[in-house]
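Worksheet for the structure shown next.
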Amino acid sequence: MSDPEKKPETADVDVRPYHHPAAGFGAILSTMKHAVNEMGVLRSVSMLLKVNQSNGFDCPGCAWPDPGAGHGSHAEFCENGAKAVAAEATKHRVTPEFFEEWPVSRLLDQSDHWLESQGRLTTPMHLAPGSDHYAPIAWDEAFRLIARELNALASPDEAIFYTSGRTSNEAAFLYQLFVRLYGTNNLPDCSNMCHESSGVGMGETLGVGKGTVSLADFDLADAIFVIGQNPGTNHPRMLSALEAAARRGCHIVSINPLHEKALERFSHPQDVRDLLTGGTAIAELFLPVRINGDVALLKGIMKEVLEEERRRPGEVLDHAFIAEHTSDFEAFAAALEATSWEEIVRESGIDRELIRRAGQIYANAGRVIVCWAMGLTQHKNAVANIQEVVNLLLLRGNLGKPGAGACPVRGHSNVQGDRTMGIYERPSEVFLDRLGAAFGFDPPRHHGHDVVAAIKAMHEGRARVFFAMGGNFHSASPDTDYTAEALRRCRLTVHVATKLNRSHLVHGREALIMPCLGRTELDVRASGPQFITVEDSMSAVHGSRGSLPPASDDLLSEPAIICGLARATLGPGSPIDWEGMADDYDRIRDRIAEVIPGFEDFNARVRRPGGFALPNNAARLRFDTATGKARFTVHPIPKIPLLPGQLLMMTVRSHDQYNTTVYGLDDRYRGVYHERRVVFLNPDDIRDLKLVDRQVVDLIGEFRGETRRASRFIVVPYDIPRGCAATYFPEANVLVPVDDFADGSRTPASKSVVIRVVPTHSADRVEAPMA
């Protein structure tokens, strides 16, 4: 034990409450600062006026939908979108001379923020076995090197092909085609780590894994529930829709362990009235649920709805909808009736009166949208979380009508489109049949590795080549020390990227960095300028056209990289016209139209202003389930028993980051500046743990007798439920066990991590594995 007489070590961290509305002048100043520092004044104006415009490029940030042709503004971007654009369109460059100066061993000591700030990669780089410096390599030589390693494997299943959600539809389709022609379904993607639970939960109950609403539905909803989501940081353009809803009297309920500033009050940066008057109040009710108390809370809201139905028979539940379009209601209702209010209140951490108010809002609203993000999807019981949301919607028929439905808010800009294009380790037989018929081959039928399985396979020597189409796999993954060791056991690691990140430094015996064009840049091929397409969170598909000269003459587009890799690996005997598709993306879209339902006449439809929307059977009350109906489901209230001194931790983003990309060191809305290694704790927990404000501590993760340590975090008091803690990722991902994942979806349980918080100099220190 540590010496009680010893004065605790503290850190001088700038923590001050943020008393202003979200966005507003703060967003304007932050946007100007990032944009001008990275791009300069003229480029900033030019680029930001082209973001999310019909003749411009899709924001490389989140997947929130555009307003549609004729409904948007000339400045259709948010603060964090501007940061994403500035990061990509930066004037800073990472050249071969940079790698001559900086060995990998020294780069590993730099922060993620420092790596991000160095600028755009310009040249393919090769790390030879035993070397500590990347060196330039020609594209053809890089393709031959990869092909040689792939073709030397004992089985195609010894290769892993990862995809981030930034990849375009065209690149994703080519990528999965190449991988399946090569002979494997090892196609893990970032969806495995975020909304996989949404897809599984909705797929089992509604027959579709996508949201059922459009942006227009937000104009009609009587109530909107925002659960496990922080729009102000992660999807700021969503606040415009919420503000408009709040102004017309829509009831907005926020359910989140952390009181998020943006759901309290929002000041639209383009609305002079908002700027001058202090903005608009958004959520009228805030429910500070305990971490992973969502099943209990949702059961409580639904129990209140059933009790209101007893008080007003026939006026609350949509009996006709339940009878015609659902199954298993009786079992659901009986289980809910048997659940005690005592258990609901205890496990949710929410007072009975607050639950009653939320239930009344739901019961009295004619049209309800429920939105959610990773606060629901990254728990062991995440699929149950999603299915309880479905239960709530079904009670009052909030599907298949305007202004109502399910709205999983996706993160990366084309993560949903990648899955539509076939980036999936467990493809359906129908998809494989269509793909095989279109291209004249028999695709592999056995399931491949998801992210967790891929990490395990590399660690155990069952996978020897790792290829990443974008992303920062090491830092985004759970158990980053274990993941680092897994990557280092590979023969070859390859990363297609625009900027340097930590995954390029945690490498196999041999490594390649393959720099690609960004969304903002001109893509000119043999047939002329090209454009790509993306699918947003609400299944709308539209084009994206860059306009900047490329950061380097040595960059290739993602489709061109994939086609070059396919030609080198599959050889001259491949029946696919890779060269033709690399030179004319219309040809790729024609092949997509042959394989993917909903993309008929793709080239013509995507050229129309605003693009087109994909069909959604559940939104039309056609449920592709075994019964042909939407299913009510029954789930126990999950319990994660905590021993004395233990807390339940969740990882979150700061306001100055997007996924693992760290743009700056401030979290303005939470009032933390110039620091990321912080742990947010309830003041009463700080007292009971005999800690003090700003104390330097270590976080010890405890799982099945294993311990993991994240060193030197700083205690920050915060309005968070007792027994809970919050930290930023990727810094705390080292604490997320690789074997702790959601039942059914296998999404890492990054928001249900059992930890202890101990003074940094505590004598019970344990050694963490080296990264």
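Quick note on naming: the chains in the structure tokens go A, B, ... in the order shown, residues restart at 1 in each chain, and ligands are numbered from 1 in order of appearance.
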
Would you kindly return, as a PDB file with all heavy atoms, in the first residue's frame, each protein, DNA or RNA residue with an atom no farther than 7 Å from any atom of segment 284-301 of chain A, considering only C-alpha atoms and excluding same-chain residues fewer than 5 positions away?
```
ATOM      1  N   HIS A 251     -40.347  17.156 -28.428  1.00  0.00           N
ATOM      2  CA  HIS A 251     -39.769  16.792 -27.136  1.00  0.00           C
ATOM      3  C   HIS A 251     -38.487  15.987 -27.376  1.00  0.00           C
ATOM      4  O   HIS A 251     -38.532  14.931 -28.025  1.00  0.00           O
ATOM      5  CB  HIS A 251     -40.752  15.969 -26.307  1.00  0.00           C
ATOM      6  CG  HIS A 251     -42.063  16.657 -26.081  1.00  0.00           C
ATOM      7  ND1 HIS A 251     -42.260  17.603 -25.099  1.00  0.00           N
ATOM      8  CD2 HIS A 251     -43.250  16.537 -26.735  1.00  0.00           C
ATOM      9  CE1 HIS A 251     -43.498  18.037 -25.136  1.00  0.00           C
ATOM     10  NE2 HIS A 251     -44.131  17.415 -26.123  1.00  0.00           N
ATOM     11  N   ILE A 252     -37.378  16.461 -26.829  1.00  0.00           N
ATOM     12  CA  ILE A 252     -36.093  15.777 -27.016  1.00  0.00           C
ATOM     13  C   ILE A 252     -35.591  15.295 -25.665  1.00  0.00           C
ATOM     14  O   ILE A 252     -35.521  16.068 -24.699  1.00  0.00           O
ATOM     15  CB  ILE A 252     -35.072  16.699 -27.692  1.00  0.00           C
ATOM     16  CG1 ILE A 252     -35.580  17.113 -29.083  1.00  0.00           C
ATOM     17  CG2 ILE A 252     -33.711  16.013 -27.809  1.00  0.00           C
ATOM     18  CD1 ILE A 252     -34.710  18.115 -29.795  1.00  0.00           C
ATOM     19  N   VAL A 253     -35.264  14.013 -25.605  1.00  0.00           N
ATOM     20  CA  VAL A 253     -34.792  13.375 -24.378  1.00  0.00           C
ATOM     21  C   VAL A 253     -33.367  12.894 -24.607  1.00  0.00           C
ATOM     22  O   VAL A 253     -33.083  12.212 -25.600  1.00  0.00           O
ATOM     23  CB  VAL A 253     -35.695  12.184 -23.987  1.00  0.00           C
ATOM     24  CG1 VAL A 253     -35.165  11.496 -22.733  1.00  0.00           C
ATOM     25  CG2 VAL A 253     -37.133  12.658 -23.782  1.00  0.00           C
ATOM     26  N   SER A 254     -32.468  13.236 -23.715  1.00  0.00           N
ATOM     27  CA  SER A 254     -31.072  12.798 -23.786  1.00  0.00           C
ATOM     28  C   SER A 254     -30.809  11.758 -22.707  1.00  0.00           C
ATOM     29  O   SER A 254     -31.093  11.994 -21.528  1.00  0.00           O
ATOM     30  CB  SER A 254     -30.125  13.989 -23.604  1.00  0.00           C
ATOM     31  OG  SER A 254     -28.785  13.554 -23.473  1.00  0.00           O
ATOM     32  N   ILE A 255     -30.268  10.613 -23.118  1.00  0.00           N
ATOM     33  CA  ILE A 255     -29.931   9.534 -22.186  1.00  0.00           C
ATOM     34  C   ILE A 255     -28.449   9.250 -22.339  1.00  0.00           C
ATOM     35  O   ILE A 255     -28.002   8.788 -23.391  1.00  0.00           O
ATOM     36  CB  ILE A 255     -30.761   8.269 -22.478  1.00  0.00           C
ATOM     37  CG1 ILE A 255     -32.258   8.562 -22.304  1.00  0.00           C
ATOM     38  CG2 ILE A 255     -30.328   7.113 -21.584  1.00  0.00           C
ATOM     39  CD1 ILE A 255     -33.171   7.426 -22.725  1.00  0.00           C
ATOM     40  N   ASN A 256     -27.656   9.559 -21.314  1.00  0.00           N
ATOM     41  CA  ASN A 256     -26.201   9.440 -21.420  1.00  0.00           C
ATOM     42  C   ASN A 256     -25.599   9.557 -20.030  1.00  0.00           C
ATOM     43  O   ASN A 256     -26.058  10.376 -19.232  1.00  0.00           O
ATOM     44  CB  ASN A 256     -25.651  10.564 -22.321  1.00  0.00           C
ATOM     45  CG  ASN A 256     -24.289  10.234 -22.896  1.00  0.00           C
ATOM     46  OD1 ASN A 256     -23.443   9.688 -22.215  1.00  0.00           O
ATOM     47  ND2 ASN A 256     -24.075  10.581 -24.152  1.00  0.00           N
ATOM     48  N   PRO A 257     -24.566   8.768 -19.715  1.00  0.00           N
ATOM     49  CA  PRO A 257     -23.919   8.928 -18.410  1.00  0.00           C
ATOM     50  C   PRO A 257     -23.304  10.309 -18.206  1.00  0.00           C
ATOM     51  O   PRO A 257     -23.223  10.791 -17.083  1.00  0.00           O
ATOM     52  CB  PRO A 257     -22.837   7.838 -18.410  1.00  0.00           C
ATOM     53  CG  PRO A 257     -23.344   6.815 -19.380  1.00  0.00           C
ATOM     54  CD  PRO A 257     -24.045   7.597 -20.452  1.00  0.00           C
ATOM     55  N   LEU A 258     -22.831  10.926 -19.296  1.00  0.00           N
ATOM     56  CA  LEU A 258     -22.227  12.250 -19.216  1.00  0.00           C
ATOM     57  C   LEU A 258     -23.227  13.306 -19.674  1.00  0.00           C
ATOM     58  O   LEU A 258     -23.889  13.131 -20.707  1.00  0.00           O
ATOM     59  CB  LEU A 258     -20.972  12.335 -20.085  1.00  0.00           C
ATOM     60  CG  LEU A 258     -19.807  11.430 -19.701  1.00  0.00           C
ATOM     61  CD1 LEU A 258     -18.677  11.583 -20.701  1.00  0.00           C
ATOM     62  CD2 LEU A 258     -19.307  11.740 -18.299  1.00  0.00           C
ATOM     63  N   HIS A 259     -23.298  14.388 -18.927  1.00  0.00           N
ATOM     64  CA  HIS A 259     -24.158  15.491 -19.327  1.00  0.00           C
ATOM     65  C   HIS A 259     -23.449  16.245 -20.442  1.00  0.00           C
ATOM     66  O   HIS A 259     -22.473  16.963 -20.209  1.00  0.00           O
ATOM     67  CB  HIS A 259     -24.403  16.417 -18.137  1.00  0.00           C
ATOM     68  CG  HIS A 259     -25.498  17.395 -18.365  1.00  0.00           C
ATOM     69  ND1 HIS A 259     -26.759  17.243 -17.846  1.00  0.00           N
ATOM     70  CD2 HIS A 259     -25.548  18.541 -19.087  1.00  0.00           C
ATOM     71  CE1 HIS A 259     -27.533  18.248 -18.213  1.00  0.00           C
ATOM     72  NE2 HIS A 259     -26.806  19.056 -18.972  1.00  0.00           N
ATOM     73  N   LEU A 336     -41.817  -8.072 -18.915  1.00  0.00           N
ATOM     74  CA  LEU A 336     -41.709  -6.706 -18.430  1.00  0.00           C
ATOM     75  C   LEU A 336     -42.540  -6.512 -17.156  1.00  0.00           C
ATOM     76  O   LEU A 336     -42.116  -5.844 -16.210  1.00  0.00           O
ATOM     77  CB  LEU A 336     -42.175  -5.739 -19.519  1.00  0.00           C
ATOM     78  CG  LEU A 336     -41.894  -4.249 -19.292  1.00  0.00           C
ATOM     79  CD1 LEU A 336     -40.403  -3.998 -19.066  1.00  0.00           C
ATOM     80  CD2 LEU A 336     -42.386  -3.441 -20.484  1.00  0.00           C
ATOM     81  N   ILE A 344     -35.182  -1.989 -11.669  1.00  0.00           N
ATOM     82  CA  ILE A 344     -35.012  -1.012 -12.748  1.00  0.00           C
ATOM     83  C   ILE A 344     -34.304   0.233 -12.239  1.00  0.00           C
ATOM     84  O   ILE A 344     -33.334   0.717 -12.850  1.00  0.00           O
ATOM     85  CB  ILE A 344     -36.382  -0.662 -13.365  1.00  0.00           C
ATOM     86  CG1 ILE A 344     -36.899  -1.837 -14.205  1.00  0.00           C
ATOM     87  CG2 ILE A 344     -36.290   0.614 -14.199  1.00  0.00           C
ATOM     88  CD1 ILE A 344     -38.334  -1.677 -14.657  1.00  0.00           C
ATOM     89  N   GLU A 347     -30.522  -0.607 -11.136  1.00  0.00           N
ATOM     90  CA  GLU A 347     -29.565  -0.922 -12.201  1.00  0.00           C
ATOM     91  C   GLU A 347     -29.409   0.206 -13.216  1.00  0.00           C
ATOM     92  O   GLU A 347     -28.366   0.313 -13.862  1.00  0.00           O
ATOM     93  CB  GLU A 347     -29.961  -2.214 -12.909  1.00  0.00           C
ATOM     94  CG  GLU A 347     -30.001  -3.436 -12.012  1.00  0.00           C
ATOM     95  CD  GLU A 347     -28.658  -3.698 -11.333  1.00  0.00           C
ATOM     96  OE1 GLU A 347     -27.607  -3.396 -11.947  1.00  0.00           O
ATOM     97  OE2 GLU A 347     -28.654  -4.177 -10.181  1.00  0.00           O
ATOM     98  N   SER A 348     -30.428   1.040 -13.368  1.00  0.00           N
ATOM     99  CA  SER A 348     -30.304   2.171 -14.290  1.00  0.00           C
ATOM    100  C   SER A 348     -29.660   3.376 -13.630  1.00  0.00           C
ATOM    101  O   SER A 348     -29.031   4.205 -14.293  1.00  0.00           O
ATOM    102  CB  SER A 348     -31.668   2.579 -14.843  1.00  0.00           C
ATOM    103  OG  SER A 348     -32.482   3.153 -13.825  1.00  0.00           O
ATOM    104  N   GLY A 349     -29.847   3.481 -12.312  1.00  0.00           N
ATOM    105  CA  GLY A 349     -29.360   4.652 -11.600  1.00  0.00           C
ATOM    106  C   GLY A 349     -30.243   5.872 -11.778  1.00  0.00           C
ATOM    107  O   GLY A 349     -29.855   6.985 -11.405  1.00  0.00           O
ATOM    108  N   ILE A 350     -31.444   5.701 -12.309  1.00  0.00           N
ATOM    109  CA  ILE A 350     -32.348   6.810 -12.596  1.00  0.00           C
ATOM    110  C   ILE A 350     -33.549   6.753 -11.653  1.00  0.00           C
ATOM    111  O   ILE A 350     -34.169   5.704 -11.474  1.00  0.00           O
ATOM    112  CB  ILE A 350     -32.837   6.777 -14.056  1.00  0.00           C
ATOM    113  CG1 ILE A 350     -31.651   6.808 -15.014  1.00  0.00           C
ATOM    114  CG2 ILE A 350     -33.781   7.946 -14.334  1.00  0.00           C
ATOM    115  CD1 ILE A 350     -30.813   8.049 -14.933  1.00  0.00           C
ATOM    116  N   ILE A 355     -37.934   8.480 -14.827  1.00  0.00           N
ATOM    117  CA  ILE A 355     -38.360   7.436 -15.760  1.00  0.00           C
ATOM    118  C   ILE A 355     -39.822   7.654 -16.139  1.00  0.00           C
ATOM    119  O   ILE A 355     -40.221   7.492 -17.304  1.00  0.00           O
ATOM    120  CB  ILE A 355     -38.156   6.039 -15.143  1.00  0.00           C
ATOM    121  CG1 ILE A 355     -36.665   5.788 -14.866  1.00  0.00           C
ATOM    122  CG2 ILE A 355     -38.711   4.958 -16.070  1.00  0.00           C
ATOM    123  CD1 ILE A 355     -36.369   4.488 -14.155  1.00  0.00           C
ATOM    124  N   ARG A 356     -40.636   8.036 -15.147  1.00  0.00           N
ATOM    125  CA  ARG A 356     -42.049   8.300 -15.442  1.00  0.00           C
ATOM    126  C   ARG A 356     -42.184   9.414 -16.467  1.00  0.00           C
ATOM    127  O   ARG A 356     -42.977   9.318 -17.403  1.00  0.00           O
ATOM    128  CB  ARG A 356     -42.790   8.668 -14.150  1.00  0.00           C
ATOM    129  CG  ARG A 356     -44.312   8.803 -14.334  1.00  0.00           C
ATOM    130  CD  ARG A 356     -44.969   9.524 -13.164  1.00  0.00           C
ATOM    131  NE  ARG A 356     -44.550  10.923 -13.114  1.00  0.00           N
ATOM    132  CZ  ARG A 356     -45.052  11.864 -13.924  1.00  0.00           C
ATOM    133  NH1 ARG A 356     -45.974  11.563 -14.818  1.00  0.00           N
ATOM    134  NH2 ARG A 356     -44.618  13.107 -13.810  1.00  0.00           N
ATOM    135  N   ALA A 358     -40.031  10.356 -18.776  1.00  0.00           N
ATOM    136  CA  ALA A 358     -39.622   9.880 -20.099  1.00  0.00           C
ATOM    137  C   ALA A 358     -40.702   8.993 -20.706  1.00  0.00           C
ATOM    138  O   ALA A 358     -41.007   9.093 -21.906  1.00  0.00           O
ATOM    139  CB  ALA A 358     -38.308   9.108 -19.988  1.00  0.00           C
ATOM    140  N   GLY A 359     -41.304   8.132 -19.886  1.00  0.00           N
ATOM    141  CA  GLY A 359     -42.370   7.267 -20.373  1.00  0.00           C
ATOM    142  C   GLY A 359     -43.584   8.057 -20.835  1.00  0.00           C
ATOM    143  O   GLY A 359     -44.218   7.713 -21.843  1.00  0.00           O
ATOM    144  N   ASN A 385     -29.222  -4.201 -25.937  1.00  0.00           N
ATOM    145  CA  ASN A 385     -29.517  -2.756 -25.879  1.00  0.00           C
ATOM    146  C   ASN A 385     -30.311  -2.321 -27.107  1.00  0.00           C
ATOM    147  O   ASN A 385     -31.321  -1.620 -27.009  1.00  0.00           O
ATOM    148  CB  ASN A 385     -28.218  -1.949 -25.832  1.00  0.00           C
ATOM    149  CG  ASN A 385     -27.498  -2.049 -24.506  1.00  0.00           C
ATOM    150  OD1 ASN A 385     -28.058  -2.475 -23.507  1.00  0.00           O
ATOM    151  ND2 ASN A 385     -26.231  -1.660 -24.497  1.00  0.00           N
ATOM    152  N   GLU A 388     -33.862  -3.693 -27.240  1.00  0.00           N
ATOM    153  CA  GLU A 388     -34.798  -2.993 -26.352  1.00  0.00           C
ATOM    154  C   GLU A 388     -35.268  -1.684 -26.992  1.00  0.00           C
ATOM    155  O   GLU A 388     -36.422  -1.273 -26.810  1.00  0.00           O
ATOM    156  CB  GLU A 388     -34.155  -2.719 -24.988  1.00  0.00           C
ATOM    157  CG  GLU A 388     -33.854  -3.966 -24.164  1.00  0.00           C
ATOM    158  CD  GLU A 388     -35.101  -4.682 -23.643  1.00  0.00           C
ATOM    159  OE1 GLU A 388     -36.243  -4.275 -23.970  1.00  0.00           O
ATOM    160  OE2 GLU A 388     -34.929  -5.672 -22.898  1.00  0.00           O
ATOM    161  N   ILE A 637     -32.007  -7.930 -17.336  1.00  0.00           N
ATOM    162  CA  ILE A 637     -31.239  -6.727 -17.039  1.00  0.00           C
ATOM    163  C   ILE A 637     -29.808  -7.137 -16.723  1.00  0.00           C
ATOM    164  O   ILE A 637     -29.575  -7.931 -15.810  1.00  0.00           O
ATOM    165  CB  ILE A 637     -31.863  -5.967 -15.860  1.00  0.00           C
ATOM    166  CG1 ILE A 637     -33.228  -5.403 -16.265  1.00  0.00           C
ATOM    167  CG2 ILE A 637     -30.939  -4.846 -15.387  1.00  0.00           C
ATOM    168  CD1 ILE A 637     -33.948  -4.668 -15.154  1.00  0.00           C
ATOM    169  N   LEU A 648     -16.734   1.198 -13.276  1.00  0.00           N
ATOM    170  CA  LEU A 648     -17.019   0.784 -14.644  1.00  0.00           C
ATOM    171  C   LEU A 648     -16.669   1.953 -15.559  1.00  0.00           C
ATOM    172  O   LEU A 648     -17.238   3.045 -15.434  1.00  0.00           O
ATOM    173  CB  LEU A 648     -18.487   0.397 -14.798  1.00  0.00           C
ATOM    174  CG  LEU A 648     -18.833  -0.403 -16.064  1.00  0.00           C
ATOM    175  CD1 LEU A 648     -18.062  -1.717 -16.105  1.00  0.00           C
ATOM    176  CD2 LEU A 648     -20.338  -0.668 -16.135  1.00  0.00           C
ATOM    177  N   PRO A 721     -22.395   9.479 -13.126  1.00  0.00           N
ATOM    178  CA  PRO A 721     -22.976   8.674 -12.041  1.00  0.00           C
ATOM    179  C   PRO A 721     -21.923   8.006 -11.161  1.00  0.00           C
ATOM    180  O   PRO A 721     -20.809   7.717 -11.610  1.00  0.00           O
ATOM    181  CB  PRO A 721     -23.817   7.640 -12.799  1.00  0.00           C
ATOM    182  CG  PRO A 721     -24.150   8.307 -14.093  1.00  0.00           C
ATOM    183  CD  PRO A 721     -22.954   9.122 -14.439  1.00  0.00           C
ATOM    184  N   CYS A 724     -18.900   5.139 -11.881  1.00  0.00           N
ATOM    185  CA  CYS A 724     -18.580   5.201 -13.314  1.00  0.00           C
ATOM    186  C   CYS A 724     -17.329   6.045 -13.538  1.00  0.00           C
ATOM    187  O   CYS A 724     -16.980   6.912 -12.730  1.00  0.00           O
ATOM    188  CB  CYS A 724     -19.743   5.804 -14.100  1.00  0.00           C
ATOM    189  SG  CYS A 724     -21.266   4.827 -14.015  1.00  0.00           S
ATOM    190  N   SER A 752     -17.662  -0.812 -21.195  1.00  0.00           N
ATOM    191  CA  SER A 752     -17.958  -1.557 -19.969  1.00  0.00           C
ATOM    192  C   SER A 752     -16.677  -2.189 -19.441  1.00  0.00           C
ATOM    193  O   SER A 752     -16.559  -3.404 -19.326  1.00  0.00           O
ATOM    194  CB  SER A 752     -19.005  -2.657 -20.214  1.00  0.00           C
ATOM    195  OG  SER A 752     -20.290  -2.124 -20.396  1.00  0.00           O
TER     196      SER A 752
END
```

Taking 4 positions as the minimum chain separation for residues in the same chain, which residues sit within 12 Å of Ala283 of chain A when counting only C-alpha atoms? Answer as an MDAnalysis selection string.
chainID A and resid 223:227 231 239 242:243 245:247 249:256 259:266 287 358

For Phe161 of chain A, work out the shell of residues within 12 Å, counting only C-alpha atoms and skipping chain neighbours fewer than 2 positions away, then give it as a ChimeraX atom specification.
/A:150,156-159,163-164,172,175-180,182-190,423-425,448-451,454-455,463-471,473,493-496,562

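Taking atom CA of Asp656 of chain A and atom CA of Phe729 of chain A as the two end points, the separation is 11.9 Å.
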
Can you list every residue in segment 568-664 of chain A that DSSP puts in helix (DSSP H, G or I), as a ChimeraX atom specification?
/A:568-570,578-583,585-595,602-606,618-620

So which residues touch Ala630 of chain A within 9 Å, counting only C-alpha atoms, skipping near sequence neighbours fewer than 5 positions away, as a PyMOL selection string?
chain A and resi 204-207+322+325-327+390+394+618+621-625

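Going from atom CA of Glu100 of chain A to atom CA of Ser131 of chain A covers 11.6 Å.
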
Of the residues A:Arg311, A:Val452, A:Pro65, A:Ala437, which is the one nearest to Pro748 of chain A, using only C-alpha atoms?
A:Val452

Contacts of Ala726 of chain A within 9 Å, only C-alpha atoms, excl. fewer than 2 positions in-chain, as a PyMOL selection string
chain A and resi 258+648-652+678-681+720+724+728+751

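Taking only segment 273-403 of chain A, the residues that DSSP calls strand (DSSP E) from the backbone come to Thr280, Ala281, Leu285, Phe286, Leu287, Thr326, Ser327, Val368, Ile369, Val370, Cys371 and Trp372 of chain A.
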
Keeping N, CA, C and O atoms, export the residues of the selection given above as a CSV table (one decimal), in the first residue's frame.
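Writing the result to again-v6.csv gives the following:
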```csv
chain,number,residue,atom,x,y,z
A,280,THR,N,-30.5,27.9,-28.7
A,280,THR,CA,-31.7,27.2,-28.5
A,280,THR,C,-31.6,26.1,-27.5
A,280,THR,O,-30.6,25.3,-27.6
A,281,ALA,N,-32.5,25.9,-26.5
A,281,ALA,CA,-32.4,24.8,-25.6
A,281,ALA,C,-32.8,23.5,-26.4
A,281,ALA,O,-33.8,23.6,-27.2
A,285,LEU,N,-35.3,16.9,-21.2
A,285,LEU,CA,-35.2,15.9,-20.2
A,285,LEU,C,-33.8,15.2,-20.4
A,285,LEU,O,-33.5,14.7,-21.4
A,286,PHE,N,-33.0,15.2,-19.3
A,286,PHE,CA,-31.7,14.5,-19.3
A,286,PHE,C,-31.8,13.4,-18.3
A,286,PHE,O,-32.0,13.6,-17.1
A,287,LEU,N,-31.5,12.2,-18.7
A,287,LEU,CA,-31.4,11.0,-17.9
A,287,LEU,C,-30.0,10.5,-17.8
A,287,LEU,O,-29.5,9.8,-18.7
A,326,THR,N,-46.2,-7.5,-35.7
A,326,THR,CA,-45.2,-8.0,-34.8
A,326,THR,C,-45.5,-9.4,-34.3
A,326,THR,O,-46.6,-9.9,-34.4
A,327,SER,N,-44.5,-10.0,-33.7
A,327,SER,CA,-44.7,-11.3,-33.0
A,327,SER,C,-44.1,-11.2,-31.6
A,327,SER,O,-43.3,-10.4,-31.3
A,368,VAL,N,-42.2,9.1,-33.0
A,368,VAL,CA,-41.0,9.1,-32.2
A,368,VAL,C,-39.8,8.5,-33.0
A,368,VAL,O,-40.0,7.5,-33.7
A,369,ILE,N,-38.7,9.2,-33.0
A,369,ILE,CA,-37.4,8.7,-33.5
A,369,ILE,C,-36.5,8.4,-32.3
A,369,ILE,O,-36.4,9.2,-31.4
A,370,VAL,N,-35.9,7.3,-32.4
A,370,VAL,CA,-34.8,6.9,-31.4
A,370,VAL,C,-33.5,6.9,-32.1
A,370,VAL,O,-33.3,6.1,-33.0
A,371,CYS,N,-32.6,7.7,-31.6
A,371,CYS,CA,-31.2,7.8,-32.2
A,371,CYS,C,-30.3,7.2,-31.2
A,371,CYS,O,-30.5,7.3,-30.0
A,372,TRP,N,-29.2,6.6,-31.7
A,372,TRP,CA,-28.2,6.1,-30.7
A,372,TRP,C,-26.9,5.9,-31.5
A,372,TRP,O,-26.8,6.0,-32.7
```

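Proximity to Ala331 of chain A was assessed for A:Thr633, A:Gln110, A:Thr167, A:Thr420 counting only C-alpha atoms; the smallest distance is recorded for A:Thr633.
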
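Residues in contact with Leu48 of chain A at 7 Å, where only C-alpha atoms are counted and same-chain residues fewer than 3 positions away are skipped, are listed as Ser44, Val45, Val51, Ala75 and Ala82 of chain A.
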
Prev. selection, all heavy atoms, output as a PDB file, in the first residue's frame:
```
ATOM      1  N   SER A  44      -8.704  27.641 -47.415  1.00  0.00           N
ATOM      2  CA  SER A  44      -9.760  27.362 -46.437  1.00  0.00           C
ATOM      3  C   SER A  44     -11.118  27.770 -46.984  1.00  0.00           C
ATOM      4  O   SER A  44     -12.093  27.004 -46.926  1.00  0.00           O
ATOM      5  CB  SER A  44      -9.480  28.107 -45.127  1.00  0.00           C
ATOM      6  OG  SER A  44      -8.312  27.633 -44.509  1.00  0.00           O
ATOM      7  N   VAL A  45     -11.212  28.994 -47.515  1.00  0.00           N
ATOM      8  CA  VAL A  45     -12.481  29.462 -48.062  1.00  0.00           C
ATOM      9  C   VAL A  45     -12.936  28.571 -49.201  1.00  0.00           C
ATOM     10  O   VAL A  45     -14.096  28.141 -49.268  1.00  0.00           O
ATOM     11  CB  VAL A  45     -12.355  30.930 -48.529  1.00  0.00           C
ATOM     12  CG1 VAL A  45     -13.625  31.370 -49.238  1.00  0.00           C
ATOM     13  CG2 VAL A  45     -12.071  31.843 -47.340  1.00  0.00           C
ATOM     14  N   VAL A  51     -17.594  21.629 -49.258  1.00  0.00           N
ATOM     15  CA  VAL A  51     -17.908  20.453 -48.438  1.00  0.00           C
ATOM     16  C   VAL A  51     -19.404  20.162 -48.498  1.00  0.00           C
ATOM     17  O   VAL A  51     -20.235  21.050 -48.289  1.00  0.00           O
ATOM     18  CB  VAL A  51     -17.494  20.683 -46.971  1.00  0.00           C
ATOM     19  CG1 VAL A  51     -17.733  19.405 -46.156  1.00  0.00           C
ATOM     20  CG2 VAL A  51     -16.051  21.097 -46.874  1.00  0.00           C
ATOM     21  N   ALA A  75     -22.647  26.918 -46.657  1.00  0.00           N
ATOM     22  CA  ALA A  75     -21.651  26.483 -45.679  1.00  0.00           C
ATOM     23  C   ALA A  75     -22.196  25.251 -44.968  1.00  0.00           C
ATOM     24  O   ALA A  75     -22.637  25.315 -43.827  1.00  0.00           O
ATOM     25  CB  ALA A  75     -21.341  27.602 -44.696  1.00  0.00           C
ATOM     26  N   ALA A  82     -14.875  20.675 -40.527  1.00  0.00           N
ATOM     27  CA  ALA A  82     -13.835  21.594 -40.990  1.00  0.00           C
ATOM     28  C   ALA A  82     -12.453  21.111 -40.553  1.00  0.00           C
ATOM     29  O   ALA A  82     -11.471  21.228 -41.308  1.00  0.00           O
ATOM     30  CB  ALA A  82     -14.099  22.999 -40.456  1.00  0.00           C
TER      31      ALA A  82
END
```
